[in-house]
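input.tsv, holding TSV, C-alpha atoms and all ligand atoms:
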```tsv
chain	number	residue	atom	x	y	z
A	823	MET	CA	-49.86	14.73	21.26
A	824	SER	CA	-50.36	17.71	18.99
A	825	LYS	CA	-51.70	21.00	20.29
A	826	ILE	CA	-55.00	20.61	18.39
A	827	GLN	CA	-55.34	17.01	19.56
A	828	TYR	CA	-54.59	18.11	23.09
A	829	ILE	CA	-57.29	20.76	23.03
A	830	ILE	CA	-59.83	18.45	21.37
A	831	ILE	CA	-59.06	15.59	23.74
A	832	SER	CA	-59.22	17.91	26.73
A	833	LEU	CA	-62.62	19.20	25.54
A	834	LEU	CA	-63.95	15.73	24.80
A	835	LEU	CA	-62.86	14.48	28.17
A	836	PHE	CA	-64.34	17.54	29.81
A	837	LEU	CA	-67.68	16.83	28.16
A	838	SER	CA	-67.89	13.10	28.83
A	839	CYS	CA	-68.41	12.50	32.52
A	840	ASP	CA	-69.68	8.93	32.48
A	841	GLU	CA	-66.49	7.03	33.15
A	842	PRO	CA	-65.46	6.27	36.73
A	843	ILE	CA	-62.33	7.91	38.03
A	844	THR	CA	-59.92	5.44	39.53
A	845	ASN	CA	-56.95	6.08	41.77
A	846	ASN	CA	-56.67	9.69	40.80
A	847	ASN	CA	-54.81	10.88	43.87
A	848	PHE	CA	-52.41	7.96	43.77
A	849	ILE	CA	-48.80	8.92	43.10
A	850	ASP	CA	-46.49	6.12	42.05
A	851	GLU	CA	-43.39	6.01	44.25
A	852	GLU	CA	-41.20	5.69	41.18
A	853	LEU	CA	-42.59	8.96	39.80
A	854	ARG	CA	-42.62	10.84	43.09
A	855	PRO	CA	-38.99	12.07	43.04
A	856	TYR	CA	-39.53	13.65	39.60
A	857	ILE	CA	-42.75	15.30	40.75
A	858	GLU	CA	-41.08	16.66	43.90
A	859	SER	CA	-38.18	17.96	41.83
A	860	PHE	CA	-40.65	19.61	39.41
A	861	ILE	CA	-42.38	21.40	42.30
A	862	GLU	CA	-39.01	22.48	43.69
A	863	GLU	CA	-37.90	23.85	40.29
A	864	ALA	CA	-41.24	25.68	40.02
A	865	ASN	CA	-40.88	27.19	43.53
A	866	ARG	CA	-37.34	28.27	42.75
A	867	ARG	CA	-38.81	30.26	39.87
A	868	GLY	CA	-41.65	31.76	41.92
A	869	VAL	CA	-44.36	29.40	40.64
A	870	GLN	CA	-46.54	27.78	43.31
A	871	LEU	CA	-48.29	24.53	42.38
A	872	ASN	CA	-51.23	22.76	43.95
A	873	ILE	CA	-51.21	18.97	43.67
A	874	ASP	CA	-54.25	18.16	45.84
A	875	ASP	CA	-56.18	16.87	42.85
A	876	PHE	CA	-53.39	15.18	41.00
A	877	GLY	CA	-52.47	11.58	40.23
A	878	ALA	CA	-49.41	10.03	38.61
A	879	GLU	CA	-49.16	6.42	37.61
A	880	ILE	CA	-46.96	4.01	35.69
A	881	VAL	CA	-49.37	1.96	33.58
A	882	ASN	CA	-49.25	-0.91	31.12
A	883	GLU	CA	-51.49	0.98	28.70
A	884	ILE	CA	-52.06	4.73	28.56
A	885	SER	CA	-55.76	5.35	29.38
A	886	ILE	CA	-56.53	6.82	25.99
A	887	GLY	CA	-55.08	3.76	24.20
A	888	GLY	CA	-53.01	4.41	21.12
A	889	ASP	CA	-50.73	1.36	21.53
A	890	ASN	CA	-47.21	2.56	20.95
A	891	THR	CA	-48.03	6.16	20.08
A	892	TYR	CA	-47.27	7.64	23.49
A	893	CYS	CA	-44.78	6.90	26.25
A	894	GLY	CA	-46.53	9.35	28.52
A	895	TYR	CA	-49.61	11.51	28.74
A	896	GLY	CA	-50.61	14.51	30.80
A	897	TRP	CA	-54.16	15.69	31.50
A	898	PHE	CA	-55.08	19.16	32.73
A	899	PHE	CA	-58.71	17.96	32.93
A	900	TYR	CA	-58.81	14.22	33.52
A	901	ARG	CA	-62.00	12.57	32.25
A	902	GLY	CA	-64.24	15.56	32.53
A	903	THR	CA	-63.09	16.65	35.96
A	904	LEU	CA	-60.76	19.29	37.32
A	905	LYS	CA	-58.37	16.52	38.34
A	906	LYS	CA	-54.92	16.53	36.87
A	907	ARG	CA	-53.07	13.38	35.97
A	908	ILE	CA	-50.05	11.96	34.24
A	909	GLU	CA	-49.44	8.41	33.05
A	910	VAL	CA	-46.17	6.84	31.93
A	911	LYS	CA	-46.08	3.61	29.99
A	912	ASN	CA	-44.30	0.75	31.73
A	913	SER	CA	-42.25	-0.56	28.82
A	914	ASP	CA	-38.55	-0.97	28.36
A	915	ASN	CA	-38.31	1.76	25.75
A	916	CYS	CA	-40.60	4.20	27.57
A	917	TRP	CA	-39.34	3.80	31.11
A	918	GLN	CA	-37.30	0.82	32.26
A	919	SER	CA	-34.20	1.32	30.11
A	920	ARG	CA	-34.27	5.12	30.36
A	921	THR	CA	-31.67	7.08	32.28
A	922	ASP	CA	-32.61	9.35	35.15
A	923	ILE	CA	-32.33	12.52	33.05
A	924	GLU	CA	-34.34	10.96	30.19
A	925	ARG	CA	-37.08	10.03	32.66
A	926	GLU	CA	-37.03	13.57	33.99
A	927	ASN	CA	-37.43	14.96	30.45
A	928	LEU	CA	-40.51	12.80	29.84
A	929	VAL	CA	-42.14	13.35	33.25
A	930	PHE	CA	-41.51	17.12	33.20
A	931	HIS	CA	-43.09	17.34	29.73
A	932	GLU	CA	-46.23	15.54	30.94
A	933	LEU	CA	-46.31	17.65	34.11
A	934	GLY	CA	-46.13	20.72	31.86
A	935	HIS	CA	-49.48	19.60	30.40
A	936	ALA	CA	-51.01	18.44	33.67
A	937	LEU	CA	-49.88	20.99	36.26
A	938	LEU	CA	-49.14	24.03	34.10
A	939	GLY	CA	-51.84	23.50	31.44
A	940	ARG	CA	-49.26	24.04	28.71
A	941	PRO	CA	-50.01	22.85	25.17
A	942	HIS	CA	-47.28	21.81	22.75
A	943	LEU	CA	-44.86	24.38	21.36
A	944	ASP	CA	-42.94	23.34	18.27
A	945	GLU	CA	-40.65	26.31	17.67
A	946	THR	CA	-36.99	25.46	17.13
A	947	PHE	CA	-33.57	27.07	17.42
A	948	PRO	CA	-31.41	27.52	14.30
A	949	ASN	CA	-30.02	23.97	14.68
A	950	GLU	CA	-33.61	22.63	14.69
A	951	SER	CA	-33.50	21.57	18.32
A	952	PRO	CA	-36.63	22.47	20.29
A	953	LYS	CA	-37.02	25.80	22.07
A	954	SER	CA	-39.19	24.12	24.67
A	955	ILE	CA	-39.52	20.87	26.57
A	956	MET	CA	-43.20	21.15	25.51
A	957	CYS	CA	-42.23	20.19	21.95
A	958	SER	CA	-44.40	17.62	20.23
A	959	SER	CA	-43.20	14.14	19.37
A	960	ASP	CA	-45.94	13.76	16.72
A	961	GLY	CA	-45.14	14.05	13.06
A	962	PRO	CA	-42.10	13.29	10.94
A	963	ASN	CA	-39.91	16.04	12.38
A	964	GLY	CA	-41.16	15.68	15.92
A	965	CYS	CA	-38.88	16.10	18.90
A	966	ASN	CA	-37.65	13.31	21.13
A	967	ASN	CA	-39.34	13.79	24.53
A	968	PHE	CA	-36.51	11.97	26.31
A	969	ASN	CA	-33.80	14.17	24.86
A	970	THR	CA	-34.79	17.82	25.03
A	971	TYR	CA	-31.91	18.46	27.44
A	972	HIS	CA	-29.12	16.48	29.05
A	973	ASP	CA	-27.43	16.81	32.43
A	974	ASN	CA	-25.45	20.00	31.81
A	975	GLU	CA	-26.93	22.47	34.28
A	976	LEU	CA	-26.71	25.49	31.95
A	977	PHE	CA	-28.54	23.54	29.27
A	978	ARG	CA	-31.11	22.08	31.64
A	979	SER	CA	-31.90	25.32	33.41
A	980	TYR	CA	-32.71	27.14	30.16
A	981	TYR	CA	-35.41	24.52	29.42
A	982	LEU	CA	-36.75	24.65	32.97
A	983	ASP	CA	-36.84	28.47	32.89
A	984	GLU	CA	-38.82	28.27	29.65
A	985	LEU	CA	-41.13	25.60	31.06
A	986	PHE	CA	-42.23	27.86	33.91
A	987	ASP	CA	-41.99	31.15	31.98
A	988	ARG	CA	-42.75	31.23	28.27
A	989	GLY	CA	-41.18	34.66	28.00
A	990	THR	CA	-37.68	33.26	28.69
A	991	LYS	CA	-35.18	34.65	26.19
A	992	ALA	CA	-33.03	32.44	23.97
A	993	PRO	CA	-29.96	31.10	25.78
A	994	ASP	CA	-26.41	32.25	24.98
A	995	PHE	CA	-25.30	28.75	24.00
A	996	ILE	CA	-27.09	28.93	20.66
A	997	ASN	CA	-24.58	31.55	19.47
A	998	LYS	CA	-21.10	30.10	19.96
A	999	ASP	CA	-18.88	31.10	17.07
A	1000	ASN	CA	-15.39	31.10	18.53
A	1001	LEU	CA	-13.56	28.14	16.96
A	1002	VAL	CA	-11.52	26.17	19.50
A	1003	ARG	CA	-10.24	23.41	17.21
A	1004	THR	CA	-11.21	20.73	14.74
A	1005	VAL	CA	-12.02	17.48	16.55
A	1006	PHE	CA	-12.72	15.15	13.63
A	1007	GLN	CA	-11.76	15.48	10.03
A	1008	GLU	CA	-12.14	13.62	6.78
A	1009	GLY	CA	-8.93	11.95	5.74
A	1010	GLY	CA	-7.50	12.11	9.27
A	1011	GLY	CA	-5.85	9.08	10.84
A	1012	GLU	CA	-9.04	7.61	12.24
A	1013	TYR	CA	-11.28	8.62	9.41
A	1014	TYR	CA	-11.69	5.36	7.53
A	1015	SER	CA	-11.69	2.89	10.38
A	1016	ASN	CA	-14.61	1.70	12.45
A	1017	TRP	CA	-17.57	3.07	10.57
A	1018	GLU	CA	-20.44	0.78	11.54
A	1019	LEU	CA	-23.60	-0.03	9.60
A	1020	PHE	CA	-26.80	-0.70	11.56
A	1021	ILE	CA	-29.88	-2.01	9.74
A	1022	ILE	CA	-33.10	-1.27	11.63
A	1023	GLU	CA	-36.35	-3.28	11.42
A	1024	ASP	CA	-35.16	-5.22	8.39
A	1025	GLU	CA	-33.64	-8.48	9.61
A	1026	MET	CA	-33.00	-10.02	6.20
A	1027	ASN	CA	-31.89	-6.70	4.71
A	1028	ASP	CA	-34.66	-6.87	2.10
A	1029	SER	CA	-33.96	-3.18	1.47
A	1030	GLU	CA	-30.39	-4.10	0.41
A	1031	PHE	CA	-28.82	-1.41	2.53
A	1032	ALA	CA	-25.10	-1.11	1.81
A	1033	PHE	CA	-22.27	1.12	2.88
A	1034	ALA	CA	-19.13	2.01	0.92
A	1035	LYS	CA	-16.06	4.17	1.54
A	1036	ASP	CA	-14.09	5.64	-1.32
A	1037	ASN	CA	-10.48	6.34	-0.41
A	1038	SER	CA	-9.81	8.39	-3.56
A	1039	ASP	CA	-12.29	11.19	-2.84
A	1040	HIS	CA	-12.65	10.50	0.92
A	1041	SER	CA	-16.40	10.02	0.59
A	1042	VAL	CA	-18.76	7.62	2.35
A	1043	THR	CA	-21.97	6.41	0.72
A	1044	LEU	CA	-25.07	4.69	2.07
A	1045	THR	CA	-27.39	3.06	-0.47
A	1046	THR	CA	-30.67	1.14	-0.48
A	1047	ASN	CA	-32.77	-0.65	-3.03
A	1048	GLY	CA	-35.89	0.71	-1.31
A	1049	SER	CA	-37.91	-0.32	1.74
A	1050	PRO	CA	-41.56	-1.38	1.72
A	1051	SER	CA	-42.03	-0.53	5.40
A	1052	ASP	CA	-41.75	2.90	7.03
A	1053	ASP	CA	-39.73	1.58	9.96
A	1054	MET	CA	-36.92	0.09	7.89
A	1055	ARG	CA	-33.81	2.22	7.74
A	1056	ALA	CA	-30.06	2.01	7.88
A	1057	ILE	CA	-27.66	4.09	9.91
A	1058	ILE	CA	-23.92	4.46	9.51
A	1059	VAL	CA	-22.12	5.55	12.65
A	1060	LYS	CA	-18.63	6.81	13.37
A	1061	ARG	CA	-17.55	7.23	16.99
A	1062	PHE	CA	-14.56	9.19	18.21
A	1063	GLU	CA	-13.17	10.28	21.57
A	1064	LEU	CA	-13.52	13.85	22.75
A	1065	GLU	CA	-11.23	15.38	25.35
A	1066	ASN	CA	-10.24	18.84	26.53
A	1067	PHE	CA	-13.40	20.85	26.13
A	1068	ASN	CA	-15.24	23.22	28.42
A	1069	GLN	CA	-18.69	22.61	29.72
A	1070	CYS	CA	-21.38	23.79	27.31
A	1071	ASP	CA	-19.05	24.16	24.32
A	1072	ASN	CA	-20.81	23.38	21.02
A	1073	LEU	CA	-19.97	20.89	18.29
A	1074	LYS	CA	-20.60	21.86	14.71
A	1075	SER	CA	-20.32	19.41	11.81
A	1076	PHE	CA	-19.89	20.53	8.21
A	1077	MET	CA	-20.12	18.36	5.09
A	1078	ASP	CA	-21.31	18.16	1.50
A	1079	ILE	CA	-24.18	15.73	1.03
A	1080	THR	CA	-25.71	14.46	-2.20
A	1081	ALA	CA	-29.07	12.71	-1.82
A	1082	GLU	CA	-30.53	10.85	-4.78
A	1083	GLY	CA	-33.64	8.78	-5.40
A	1084	ILE	CA	-35.33	9.30	-2.03
A	1085	THR	CA	-39.09	8.75	-2.28
A	1086	ASP	CA	-41.36	9.02	0.78
A	1087	GLY	CA	-38.28	8.94	2.94
A	1088	PHE	CA	-35.50	10.99	4.43
A	1089	PHE	CA	-31.89	11.25	5.33
A	1090	ARG	CA	-30.82	12.34	8.77
A	1091	VAL	CA	-27.57	13.58	10.24
A	1092	SER	CA	-27.15	13.15	13.99
A	1093	LEU	CA	-24.57	13.97	16.62
A	1094	SER	CA	-24.75	12.12	19.89
A	1095	LEU	CA	-22.88	12.23	23.18
A	1096	ARG	CA	-21.91	9.17	25.17
A	1097	GLU	CA	-20.11	8.33	28.36
A	1098	ARG	CA	-18.09	5.16	28.81
A	1099	LEU	CA	-19.55	2.88	31.46
A	1100	SER	CA	-16.93	0.19	31.01
A	1101	ASP	CA	-14.60	-1.02	28.26
A	1102	GLY	CA	-17.29	-2.44	26.04
A	1103	SER	CA	-20.22	-0.37	27.14
A	1104	LEU	CA	-21.30	3.18	26.33
A	1105	SER	CA	-24.30	5.05	27.62
A	1106	ARG	CA	-25.97	7.65	25.43
A	1107	ILE	CA	-26.33	11.04	27.07
A	1108	TYR	CA	-27.91	13.02	24.27
A	1109	LEU	CA	-28.86	12.89	20.61
A	1110	ASN	CA	-29.57	15.76	18.24
A	1111	SER	CA	-30.53	15.40	14.58
A	1112	ARG	CA	-31.20	17.32	11.41
A	1113	ARG	CA	-33.50	15.59	8.95
A	1114	GLU	CA	-34.19	16.30	5.26
A	1115	SER	CA	-36.54	14.67	2.76
A	1116	GLU	CA	-35.56	16.45	-0.48
A	1117	ASN	CA	-33.08	15.05	-2.97
A	1118	GLY	CA	-30.23	17.21	-4.25
A	1119	THR	CA	-26.78	18.45	-3.35
A	1120	TYR	CA	-26.40	20.13	0.01
A	1121	ASN	CA	-23.10	22.00	-0.08
A	1122	ASN	CA	-21.77	22.97	3.32
A	1123	PHE	CA	-24.58	21.18	5.17
A	1124	VAL	CA	-24.30	22.12	8.85
A	1125	HIS	CA	-25.52	20.21	11.86
A	1126	GLU	CA	-24.80	21.70	15.26
A	1127	LEU	CA	-25.12	20.28	18.75
A	1128	TYR	CA	-25.41	22.76	21.62
A	1129	CYS	CA	-23.86	22.62	25.04
A	1130	LEU	CA	-21.70	19.56	25.64
A	1131	SER	CA	-22.20	17.53	28.77
A	1132	GLU	CA	-19.39	17.25	31.33
A	1133	LYS	CA	-19.78	13.49	31.08
A	1134	THR	CA	-19.09	13.33	27.35
A	1135	GLU	CA	-16.25	10.98	26.48
A	1136	ILE	CA	-17.35	9.73	23.09
A	1137	VAL	CA	-19.09	11.58	20.27
A	1138	SER	CA	-20.73	9.89	17.35
A	1139	ILE	CA	-21.84	11.23	14.02
A	1140	SER	CA	-24.38	9.16	12.15
A	1141	PHE	CA	-26.24	9.22	8.85
A	1142	ALA	CA	-29.60	7.51	8.45
A	1143	LEU	CA	-31.45	6.72	5.22
A	1144	HIS	CA	-34.96	5.55	4.43
A	1145	SER	CA	-36.61	5.49	1.01
A	1146	LYS	CA	-39.40	3.60	-0.73
A	1147	THR	CA	-37.33	3.45	-3.95
A	1148	PRO	CA	-33.60	2.92	-4.72
A	1149	ALA	CA	-31.71	5.80	-3.16
A	1150	SER	CA	-28.33	6.92	-1.86
A	1151	ILE	CA	-26.63	9.55	0.22
A	1152	ASN	CA	-23.01	10.47	-0.36
A	1153	ILE	CA	-21.05	12.42	2.26
A	1154	GLU	CA	-17.86	14.34	1.46
A	1155	ASN	CA	-15.62	16.87	3.17
A	1156	LEU	CA	-16.78	15.94	6.64
A	1157	ASN	CA	-15.40	18.12	9.40
A	1158	ILE	CA	-16.43	18.50	13.04
A	1159	ASP	CA	-15.30	21.57	15.01
A	1160	LEU	CA	-15.51	22.59	18.63
A	1161	PHE	CA	-16.82	26.10	19.38
A	1162	GLU	CA	-16.92	28.11	22.60
B	1201	ZN	ZN	-47.20	16.28	25.07
```
Using structure tokens, write down the structure that the file contains.
Amino acid sequence: MSKIQYIIISLLLFLSCDEPITNNNFIDEELRPYIESFIEEANRRGVQLNIDDFGAEIVNEISIGGDNTYCGYGWFFYRGTLKKRIEVKNSDNCWQSRTDIERENLVFHELGHALLGRPHLDETFPNESPKSIMCSSDGPNGCNNFNTYHDNELFRSYYLDELFDRGTKAPDFINKDNLVRTVFQEGGGEYYSNWELFIIEDEMNDSEFAFAKDNSDHSVTLTTNGSPSDDMRAIIVKRFELENFNQCDNLKSFMDITAEGITDGFFRVSLSLRERLSDGSLSRIYLNSRRESENGTYNNFVHELYCLSEKTEIVSISFALHSKTPASINIENLNIDLFE
């Protein structure tokens, strides 16, 4: 929820005392470990929390409704009382299929509202990743509340420090400029193979998404004839293995991008980290994106991902496109470097 919404909703709830309060001191056993860990992290940082008037529940519908808008919600004043509460939606996407660290990200965000009274904070670092776990998922450039941090302890502890102390200074890992080596390069041996096209929310490909590689100028191009629905988009993905890096090294991708014809849409460049669970199965650890909605040529477009996870075995770079009208993005001179 947005900061304004949060304040308005908190005020409205504070003023309307007619609804019965149910189960407020109930703490779901599935949420309890995250709540205990939150209290422990707070204590470690000198913050004492009182959870006498606090409830936490996994629910089929968030109390305030909103269908699929929210996966979780945190109240500092629940329904006009001084009771604090969080709810998490019991769906596959919101909870069941989430990893432990993704669940922690979501629950800690909601506990930031409920136990710390924190509103949203949407400031970002130079790579456009959030400065705070209290970032808002609302809006076109909103953050992903499951992915503010991954399991790397240096990365995680910055966000927890900031959660309990807004004065926390920017972490060192946002300024890594010592080039270790290039890890993926246009024209390299692997470059042309195994790009995959995924079409999202458009089963019949009514948007006519298409992907082409041009071996003469080493470019890749994603095109569409235009999508009527906001959810329809296509993503091209290239995965490659990553070895021999130090924990919390950064990945920085450089490329030239030409975007044409985009109307009411966007293109997005993402780097994601995965670990291999078995031969055919990868688990996503972390995703970070940079999104643009303006057409034009972006020379030396940079997208950086901070602080690699120890678990990282596979990295993917992906390009997404959505437009209401015929549009394309062309990517040239792609290079991904490792920095320490
Ligand atoms: Zn929130």
Selection as a PyMOL selection string: residues within 8 Å of ligand ZN 1201 (chain B) by all atoms listed in the file: chain A and resi 823-824+828+894-896+931-932+935+941-942+956-959
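Closest approach to Tyr892 of chain A among A:Ile996, A:Phe968, A:Ile923, A:Glu851 is made by A:Phe968 (distances from all atoms listed in the file).
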Would you mind listing what lies within 9 Å of Asp1053 of chain A as a ChimeraX atom specification, with all atoms listed in the file counted and same-chain residues fewer than 4 positions away left out? /A:1022-1024,1049,1144
Interatomic distance, atom CA of Tyr971 of chain A to atom CA of Phe947 of chain A (Å, one decimal):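 According to the coordinates, atom CA of Tyr971 of chain A and atom CA of Phe947 of chain A are separated by 13.3 Å.
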Hey, what's within 7 Å of segment 1096-1105 of chain A if we count all atoms listed in the file and toss same-chain stuff fewer than 5 positions away? As a PyMOL selection string, please? chain A and resi 1133-1137
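Of the listed residues (A:Asn963, A:Phe876, A:Cys1070, A:Asp1028), A:Asp1028 comes nearest to Ser1051 of chain A; the distances count all atoms listed in the file.
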Point out the residue among A:Asn847, A:Glu852, A:Ile857, A:Tyr1120 with the least atom-to-atom distance to Asp875 of chain A, counting only C-alpha atoms.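 Using only C-alpha atoms, the shortest distance to Asp875 of chain A belongs to A:Asn847.
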Residue among A:His1125, A:Arg1003, A:Arg940, A:Arg1112 lying closest to Ala1142 of chain A, counting all atoms listed in the file: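 So, comparing all the options, the nearest one is A:Arg1112.
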I'd like to know which of A:Tyr1128, A:Tyr900, A:Phe1161, A:Phe1006 is closest to Ser951 of chain A, using all atoms listed in the file.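 Checking each candidate against Ser951 of chain A, we get A:Tyr1128 as the closest.
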With 8 Å of padding per side, what axis-aligned box (centre and edge lengths, Å, one decimal) covers all the listed atoms of segment 850-862 of chain A? Give it as lines of an AutoDock Vina configuration file.
```
center_x = -42.3
center_y = 14.1
center_z = 41.8
size_x = 24.3
size_y = 32.8
size_z = 20.8
```
Grab the atom CA of Gly1087 of chain A to atom CA of Thr1147 of chain A distance for me, in Å with one decimal place.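 These two atoms are separated by 8.9 Å.
Going from atom CA of Leu933 of chain A to atom CA of Ser1111 of chain A covers 25.2 Å.
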